[in-house]
>>> print(open('my_file02.tsv').read())   # TSV, C-alpha atoms
chain	number	residue	atom	x	y	z
W	130	MET	CA	-91.64	-84.61	-163.02
W	131	MET	CA	-94.81	-85.76	-161.32
W	132	TYR	CA	-95.25	-82.51	-159.38
W	133	GLU	CA	-94.49	-80.46	-162.47
W	134	LEU	CA	-97.19	-82.35	-164.37
W	135	LEU	CA	-99.76	-82.01	-161.62
W	136	ARG	CA	-98.73	-78.47	-160.68
W	137	LEU	CA	-99.30	-79.15	-157.00
W	138	TYR	CA	-98.42	-76.85	-154.15
W	139	ILE	CA	-98.28	-77.92	-150.52
W	140	ILE	CA	-100.27	-75.54	-148.32
W	141	TYR	CA	-99.99	-77.04	-144.82
W	142	TYR	CA	-100.26	-80.41	-143.11
W	143	ASN	CA	-101.01	-82.08	-139.83
W	144	ARG	CA	-100.39	-85.58	-138.51
W	145	THR	CA	-102.92	-87.33	-140.72
W	146	GLN	CA	-103.08	-85.57	-144.07
W	147	LEU	CA	-101.61	-82.96	-146.34
W	148	TYR	CA	-103.66	-80.05	-147.64
W	149	ILE	CA	-102.94	-79.21	-151.25
W	150	CYS	CA	-104.26	-76.93	-153.92
W	151	THR	CA	-103.66	-76.36	-157.60
W	152	PRO	CA	-103.67	-72.97	-159.37
W	153	ARG	CA	-107.15	-73.86	-160.56
W	154	ILE	CA	-108.69	-74.24	-157.11
W	155	CYS	CA	-106.46	-72.18	-154.79
W	156	THR	CA	-108.66	-69.11	-154.43
W	157	LYS	CA	-111.61	-67.96	-152.37
W	158	VAL	CA	-114.81	-70.00	-152.62
W	159	THR	CA	-117.68	-68.17	-154.30
W	160	LYS	CA	-121.03	-68.02	-152.52
W	161	LYS	CA	-122.79	-69.75	-155.39
W	162	GLY	CA	-120.19	-72.51	-155.57
W	163	ALA	CA	-120.35	-73.14	-151.84
W	164	GLU	CA	-124.16	-73.37	-151.93
W	165	GLU	CA	-124.04	-75.90	-154.74
W	166	GLY	CA	-121.57	-78.06	-152.84
W	167	MET	CA	-119.40	-78.59	-155.90
W	168	ALA	CA	-117.15	-75.58	-155.49
W	169	ASP	CA	-114.16	-75.63	-157.82
W	170	LYS	CA	-112.17	-73.46	-155.42
W	171	GLY	CA	-110.77	-74.01	-151.93
W	172	PHE	CA	-108.71	-76.79	-150.37
W	173	ILE	CA	-108.84	-80.58	-150.44
W	174	PRO	CA	-107.13	-82.95	-147.98
W	175	LEU	CA	-104.62	-85.39	-149.44
W	176	PRO	CA	-104.00	-88.38	-147.11
W	177	ARG	CA	-100.41	-89.49	-146.86
W	178	GLU	CA	-101.46	-93.03	-147.76
W	179	ILE	CA	-101.49	-91.94	-151.41
W	180	VAL	CA	-97.77	-92.78	-151.63
W	181	ASN	CA	-98.60	-96.40	-150.81
W	182	LEU	CA	-101.14	-96.81	-153.61
W	183	PRO	CA	-100.09	-98.94	-156.61
W	184	ILE	CA	-100.82	-95.97	-158.90
W	185	TRP	CA	-98.28	-93.68	-157.22
W	186	ASN	CA	-95.59	-94.14	-159.89
W	187	ASN	CA	-97.97	-93.21	-162.73
W	188	PRO	CA	-98.32	-89.38	-162.90
W	189	ASN	CA	-101.46	-89.49	-165.06
W	190	LYS	CA	-103.24	-91.85	-162.66
W	191	VAL	CA	-102.30	-89.73	-159.65
W	192	LYS	CA	-103.51	-86.64	-161.48
W	193	LEU	CA	-106.80	-88.37	-162.33
W	194	LEU	CA	-107.33	-89.41	-158.69
W	195	ILE	CA	-106.74	-85.85	-157.48
W	196	LEU	CA	-109.12	-84.56	-160.16
W	197	CYS	CA	-111.78	-86.95	-158.81
W	198	MET	CA	-111.16	-85.71	-155.27
W	199	THR	CA	-111.55	-82.07	-156.33
W	200	LYS	CA	-114.79	-82.85	-158.18
W	201	ALA	CA	-116.36	-84.81	-155.33
W	202	SER	CA	-119.13	-83.05	-153.42
W	203	TYR	CA	-118.34	-82.28	-149.79
W	204	LYS	CA	-122.00	-82.34	-148.72
W	205	ARG	CA	-125.29	-83.87	-149.76
W	206	ARG	CA	-126.97	-82.04	-152.63
W	207	GLU	CA	-129.29	-82.48	-155.57
W	208	TYR	CA	-128.09	-82.43	-159.17
W	209	THR	CA	-130.41	-82.12	-162.18
W	210	ILE	CA	-129.76	-83.82	-165.52
W	211	GLY	CA	-132.53	-83.11	-168.01
W	212	ASN	CA	-135.77	-83.97	-166.23
W	213	GLN	CA	-134.06	-86.23	-163.70
W	214	THR	CA	-133.00	-85.10	-160.22
W	215	ILE	CA	-130.13	-87.02	-158.64
W	216	THR	CA	-129.10	-86.86	-154.98
W	217	LEU	CA	-125.35	-86.83	-154.51
W	218	GLU	CA	-123.85	-87.88	-151.19
W	219	PRO	CA	-120.55	-86.49	-149.85
W	220	GLY	CA	-117.68	-87.86	-151.94
W	221	GLN	CA	-119.77	-88.33	-155.11
W	222	PHE	CA	-119.77	-86.59	-158.47
W	223	ILE	CA	-121.30	-87.14	-161.91
W	224	THR	CA	-119.17	-87.52	-165.02
W	225	GLY	CA	-118.83	-89.21	-168.40
W	226	ARG	CA	-116.06	-90.03	-170.85
W	227	ARG	CA	-116.27	-86.72	-172.69
W	228	ALA	CA	-116.52	-84.65	-169.50
W	229	ILE	CA	-113.61	-86.36	-167.76
W	230	GLU	CA	-111.51	-86.08	-170.92
W	231	GLU	CA	-112.10	-82.33	-171.21
W	232	GLU	CA	-111.34	-81.66	-167.55
W	233	PHE	CA	-108.29	-83.90	-167.42
W	234	ASN	CA	-106.74	-82.41	-170.59
W	235	GLN	CA	-107.40	-78.78	-169.70
W	236	ASN	CA	-104.39	-76.59	-170.68
W	237	MET	CA	-102.45	-79.70	-171.76
W	238	PRO	CA	-100.53	-79.83	-175.06
W	239	CYS	CA	-102.05	-82.12	-177.66
W	240	SER	CA	-99.12	-84.52	-177.46
W	241	SER	CA	-99.78	-85.12	-173.75
W	242	MET	CA	-103.57	-85.45	-173.84
W	243	SER	CA	-105.32	-88.66	-172.77
W	244	LYS	CA	-108.45	-90.13	-174.33
W	245	GLY	CA	-111.67	-90.47	-172.38
W	246	LEU	CA	-111.69	-94.25	-172.92
W	247	THR	CA	-108.22	-94.52	-171.37
W	248	LEU	CA	-109.22	-92.37	-168.41
W	249	PHE	CA	-112.29	-94.50	-167.76
W	250	ARG	CA	-110.11	-97.60	-167.81
W	251	TYR	CA	-108.01	-95.92	-165.14
W	252	LEU	CA	-111.19	-95.29	-163.12
W	253	GLU	CA	-112.15	-98.94	-163.44
W	254	GLN	CA	-108.70	-99.88	-162.18
W	255	PHE	CA	-109.21	-97.49	-159.24
W	256	GLU	CA	-112.47	-99.32	-158.52
W	257	SER	CA	-110.72	-102.70	-158.48
W	258	LEU	CA	-108.24	-101.26	-155.97
W	259	GLY	CA	-111.02	-100.00	-153.70
W	260	ILE	CA	-110.14	-96.33	-154.34
W	261	LEU	CA	-113.60	-95.46	-155.68
W	262	ASN	CA	-116.91	-96.91	-156.89
W	263	ILE	CA	-118.57	-96.33	-160.27
W	264	LYS	CA	-122.29	-96.61	-160.91
W	265	LYS	CA	-122.87	-96.45	-164.67
W	266	THR	CA	-126.01	-95.56	-166.62
W	267	ASN	CA	-126.63	-95.02	-170.32
W	268	LYS	CA	-126.21	-91.25	-169.96
W	269	TYR	CA	-123.74	-90.70	-167.11
W	270	SER	CA	-121.74	-92.31	-164.31
W	271	VAL	CA	-121.89	-91.55	-160.60
W	272	VAL	CA	-118.43	-91.86	-159.04
W	273	THR	CA	-118.01	-92.29	-155.27
W	274	VAL	CA	-114.50	-91.48	-154.03
W	275	LEU	CA	-113.58	-93.85	-151.19
W	276	PHE	CA	-109.94	-92.85	-150.81
W	277	GLY	CA	-109.72	-90.14	-148.16
W	278	SER	CA	-113.49	-90.21	-147.61
W	279	GLU	CA	-113.00	-89.83	-143.85
W	280	TYR	CA	-111.47	-86.38	-144.46
W	281	ILE	CA	-114.31	-85.01	-146.62
W	282	GLN	CA	-115.29	-81.64	-145.29
W	283	ASP	CA	-116.27	-78.13	-146.27
W	284	CYS	CA	-112.95	-77.10	-147.79
W	285	THR	CA	-113.45	-73.35	-147.96
W	286	SER	CA	-110.73	-70.73	-147.74
W	287	ASP	CA	-109.17	-69.74	-144.42
W	288	GLU	CA	-110.89	-66.37	-144.57
W	289	GLN	CA	-114.32	-67.90	-144.96
W	290	GLN	CA	-113.66	-70.35	-142.14
W	291	MET	CA	-112.67	-67.48	-139.85
W	292	ASN	CA	-115.79	-65.52	-140.80
W	293	ASN	CA	-117.95	-68.55	-140.13
W	294	LYS	CA	-116.33	-69.03	-136.73
W	295	ARG	CA	-116.78	-65.34	-135.87
W	296	THR	CA	-120.46	-65.51	-136.84
W	297	THR	CA	-120.94	-68.66	-134.78
W	298	ASP	CA	-119.32	-67.05	-131.72
W	299	GLU	CA	-121.58	-64.00	-132.01
W	300	GLN	CA	-124.66	-66.18	-132.30
W	301	GLN	CA	-123.66	-68.16	-129.23
W	302	MET	CA	-123.27	-64.98	-127.18
W	303	ASN	CA	-126.80	-63.85	-128.15
W	304	THR	CA	-128.61	-67.14	-127.55
W	305	ASN	CA	-130.80	-67.66	-124.49
W	306	ASN	CA	-130.56	-70.47	-121.93
W	307	LYS	CA	-132.92	-72.69	-123.86
W	308	ASP	CA	-130.78	-72.55	-126.97
W	309	ASN	CA	-127.66	-73.21	-124.90
W	310	ASN	CA	-129.23	-76.37	-123.49
W	311	ILE	CA	-130.02	-77.55	-127.03
W	312	ASN	CA	-126.43	-76.86	-128.13
W	313	LYS	CA	-125.09	-78.82	-125.15
W	314	GLU	CA	-127.26	-81.79	-126.08
W	315	LYS	CA	-126.00	-81.65	-129.68
W	316	ASN	CA	-122.39	-81.46	-128.49
W	317	ILE	CA	-122.88	-84.51	-126.27
W	318	LYS	CA	-124.17	-86.49	-129.27
W	319	THR	CA	-121.26	-85.29	-131.41
W	320	TYR	CA	-118.64	-86.30	-128.85
W	321	ALA	CA	-120.30	-89.67	-128.37
W	322	HIS	CA	-120.15	-90.26	-132.12
W	323	GLN	CA	-116.48	-89.27	-132.25
W	324	ASP	CA	-115.68	-91.66	-129.40
W	325	ALA	CA	-117.36	-94.44	-131.38
W	326	LEU	CA	-114.89	-93.99	-134.23
W	327	ALA	CA	-111.86	-96.11	-133.47
W	328	SER	CA	-108.31	-95.12	-134.39
W	329	GLU	CA	-106.67	-96.42	-137.55
W	330	LYS	CA	-104.46	-98.81	-135.59
W	331	ASP	CA	-107.41	-100.21	-133.67
W	332	LEU	CA	-109.36	-100.74	-136.88
W	333	ILE	CA	-106.47	-102.64	-138.46
W	334	ASN	CA	-106.29	-104.89	-135.39
W	335	GLU	CA	-110.04	-105.47	-135.62
W	336	PHE	CA	-109.78	-106.38	-139.28
W	337	GLU	CA	-106.95	-108.86	-138.65
W	338	LYS	CA	-109.20	-110.73	-136.19
W	339	LEU	CA	-112.07	-110.75	-138.69
W	340	TRP	CA	-109.79	-111.88	-141.51
W	341	GLU	CA	-108.83	-114.93	-139.46
W	342	LEU	CA	-112.52	-115.90	-139.37
W	343	TYR	CA	-113.27	-115.34	-143.05
W	344	PRO	CA	-113.09	-118.52	-145.20
W	345	ASN	CA	-111.87	-117.22	-148.58
W	346	LYS	CA	-108.88	-114.96	-147.96
W	347	LYS	CA	-108.45	-113.17	-151.30
W	348	SER	CA	-107.41	-109.49	-151.83
W	349	LYS	CA	-106.75	-108.71	-148.17
W	350	SER	CA	-105.66	-105.07	-148.66
W	351	LYS	CA	-108.81	-104.18	-150.60
W	352	ALA	CA	-110.99	-105.88	-148.00
W	353	MET	CA	-109.22	-103.94	-145.24
W	354	ARG	CA	-109.84	-100.60	-146.98
W	355	SER	CA	-113.52	-101.43	-147.36
W	356	TYR	CA	-113.81	-102.38	-143.68
W	357	ILE	CA	-112.02	-99.27	-142.42
W	358	SER	CA	-114.15	-97.06	-144.67
W	359	ALA	CA	-117.35	-98.64	-143.36
W	360	ARG	CA	-116.17	-98.26	-139.74
W	361	LYS	CA	-115.10	-94.61	-140.07
W	362	ARG	CA	-117.90	-93.16	-142.17
W	363	LYS	CA	-119.88	-90.45	-140.43
W	364	LYS	CA	-123.35	-91.76	-141.31
W	365	ASP	CA	-124.32	-95.11	-139.76
W	366	PRO	CA	-120.81	-96.54	-139.22
W	367	VAL	CA	-120.74	-100.31	-138.94
W	368	THR	CA	-119.53	-101.96	-135.73
W	369	TYR	CA	-116.98	-104.72	-135.23
W	370	GLU	CA	-119.64	-106.98	-133.70
W	371	GLN	CA	-121.91	-106.54	-136.73
W	372	VAL	CA	-119.21	-107.72	-139.11
W	373	LYS	CA	-118.10	-110.56	-136.83
W	374	THR	CA	-121.68	-111.78	-136.50
W	375	GLY	CA	-122.07	-111.59	-140.28
W	376	ILE	CA	-118.95	-113.68	-140.91
W	377	GLU	CA	-120.02	-116.29	-138.38
W	378	ALA	CA	-123.46	-116.51	-140.01
W	379	TYR	CA	-121.86	-116.80	-143.47
W	380	ASN	CA	-119.59	-119.62	-142.25
W	381	LYS	CA	-122.60	-121.54	-140.93
W	382	TYR	CA	-124.40	-120.96	-144.22
W	383	ILE	CA	-121.42	-122.29	-146.19
W	384	GLN	CA	-121.18	-125.36	-143.98
W	385	ALA	CA	-124.91	-126.08	-144.18
W	386	LYS	CA	-124.95	-125.69	-147.97
W	387	GLY	CA	-121.70	-127.60	-148.45
W	388	LEU	CA	-120.33	-124.89	-150.77
W	389	ASP	CA	-117.04	-125.46	-152.57
W	390	MET	CA	-114.35	-122.79	-152.27
W	391	GLN	CA	-115.03	-121.56	-155.82
W	392	TYR	CA	-118.55	-120.52	-154.78
W	393	ILE	CA	-117.46	-118.66	-151.65
W	394	LYS	CA	-117.09	-114.91	-152.14
W	395	HIS	CA	-113.57	-113.48	-152.12
W	396	GLY	CA	-112.82	-111.56	-148.95
W	397	SER	CA	-112.51	-108.29	-150.89
W	398	THR	CA	-115.93	-108.78	-152.47
W	399	TRP	CA	-117.64	-109.73	-149.21
W	400	PHE	CA	-116.29	-106.70	-147.33
W	401	HIS	CA	-116.74	-104.28	-150.25
W	402	GLN	CA	-120.41	-105.26	-150.72
W	403	GLU	CA	-120.98	-105.14	-146.93
W	404	CYS	CA	-122.34	-108.68	-147.02
W	405	TRP	CA	-122.59	-108.74	-143.23
W	406	ASN	CA	-126.03	-107.21	-143.88
W	407	ASP	CA	-127.17	-110.23	-145.92
W	408	ASP	CA	-129.68	-112.77	-144.62
W	409	TYR	CA	-128.00	-116.17	-144.21
W	410	THR	CA	-131.05	-117.92	-142.82
W	411	ILE	CA	-131.31	-121.46	-144.17
W	412	ALA	CA	-134.93	-122.20	-145.03
W	413	LYS	CA	-136.16	-125.68	-144.16
W	414	ASN	CA	-137.84	-127.69	-146.91
W	415	PRO	CA	-141.16	-129.03	-145.51
W	416	LYS	CA	-141.38	-131.69	-148.25
W	417	VAL	CA	-138.01	-133.10	-147.26
W	418	GLN	CA	-139.11	-133.22	-143.61
W	419	ASP	CA	-142.33	-135.04	-144.54
W	420	ASN	CA	-140.38	-137.62	-146.55
W	421	ILE	CA	-138.02	-138.20	-143.67
W	422	GLN	CA	-140.91	-138.75	-141.26
W	423	SER	CA	-142.77	-141.08	-143.62
W	424	ASN	CA	-139.64	-143.12	-144.33
W	425	ASN	CA	-138.95	-143.61	-140.65
W	426	GLY	CA	-141.68	-146.26	-140.59
W	427	TRP	CA	-139.77	-148.42	-143.11
W	428	TYR	CA	-136.54	-148.70	-141.18
>>> encode(input="my_file02.tsv", output="structure tokens")
Amino acid sequence: MMYELLRLYIIYYNRTQLYICTPRICTKVTKKGAEEGMADKGFIPLPREIVNLPIWNNPNKVKLLILCMTKASYKRREYTIGNQTITLEPGQFITGRRAIEEEFNQNMPCSSMSKGLTLFRYLEQFESLGILNIKKTNKYSVVTVLFGSEYIQDCTSDEQQMNNKRTTDEQQMNTNNKDNNINKEKNIKTYAHQDALASEKDLINEFEKLWELYPNKKSKSKAMRSYISARKRKKDPVTYEQVKTGIEAYNKYIQAKGLDMQYIKHGSTWFHQECWNDDYTIAKNPKVQDNIQSNNGWY
């Protein structure tokens, strides 16, 4: 029933993710759509972890998640709303209640349609699960899809990918020695970056060590997803040592301030907000120091 509702077709898969398409997007990417970065045609990767999400048994929620993944931009681009220009990063898209309602209910019978308010409540639930983030304004919302973010790529058709590869090969054959040296340098940097990205198993082991250090162990699974996402992102990935140092600094801050457990951030919140970047320096109060020194003469 779920696959009939979503009208999904499996295209091919590898060890890490499935590649799916719907009748709406399973055709060649247009030049204009590819340039805009919000092409409504091509392929999207569907990580196998989707079956482990709490929303898996709700067809409408799964359909909404896949709709978000198909709408997300695969590259950085600028989007104009009225007189305002917004920069969208990979994995982001702009929407609103009316827009998401129209897209979700496309070609659906009236009896099966969902209201925009209901769909936005689903999105807020996705946010609480660490599947996506929502940044709301009075006119629109910017949604950042976190689930499967490590697989975001230029999902063009096979034909276009082959043409791009053929063009690249021809260009490489016609380049001079200087250009070849530049390409080698770029490749070295690319391989170094790939080596810096740890495997999923290694990242889970890292997180388990960090979780032992964190004082308020609430919502472990959400915290783990946030950590893995931060470690595997392509732009400025965080390191294990950065997070460990941040937790140690936070623990010292808590001890120095004498904070009760109710004032210590939940683990999911701390990792999701990347609080390892916060400044936990404890400022000394000069007045208190002066009082201490002056009182020493009385005792």
>>> closest_residue(input="my_file02.tsv", among="W:Ser348, W:Asn234, W:Asn380, W:Ser328", to="Phe400 in chain W", atoms="all atoms listed in the file")
W:Ser348
>>> closest_atom_pairs(input="my_file02.tsv", of="range 330-371 of chain W", to="range 175-188 of chain W", cutoff="12 Å", atoms="all atoms listed in the file", output="JSON lines")
{"residue": "W:Ser350", "atom": "CA", "partner": "W:Leu182", "partner_atom": "CA", "distance": 10.6}
{"residue": "W:Lys351", "atom": "CA", "partner": "W:Leu182", "partner_atom": "CA", "distance": 11.1}
{"residue": "W:Arg354", "atom": "CA", "partner": "W:Glu178", "partner_atom": "CA", "distance": 11.3}
>>> atom_distance(input="my_file02.tsv", atom1="CA of His401 in chain W", atom2="CA of Tyr251 in chain W")
19.2 Å
>>> residues_around(input="my_file02.tsv", residues="range 222-227 of chain W", least_positions_apart="5", cutoff="10 Å", atoms="all atoms listed in the file", output="ChimeraX atom specification")
/W:167,197-203,208,210,215-217,232-233,244-249,263-274
>>> closest_residue(input="my_file02.tsv", among="W:Asn212, W:Thr410, W:Asn189, W:Gln402", to="Ser358 in chain W", atoms="only C-alpha atoms")
W:Gln402
>>> atom_distance(input="my_file02.tsv", atom1="CA of Pro366 in chain W", atom2="CA of Gln384 in chain W")
29.2 Å
>>> atom_distance(input="my_file02.tsv", atom1="CA of Pro219 in chain W", atom2="CA of Asp365 in chain W")
13.8 Å
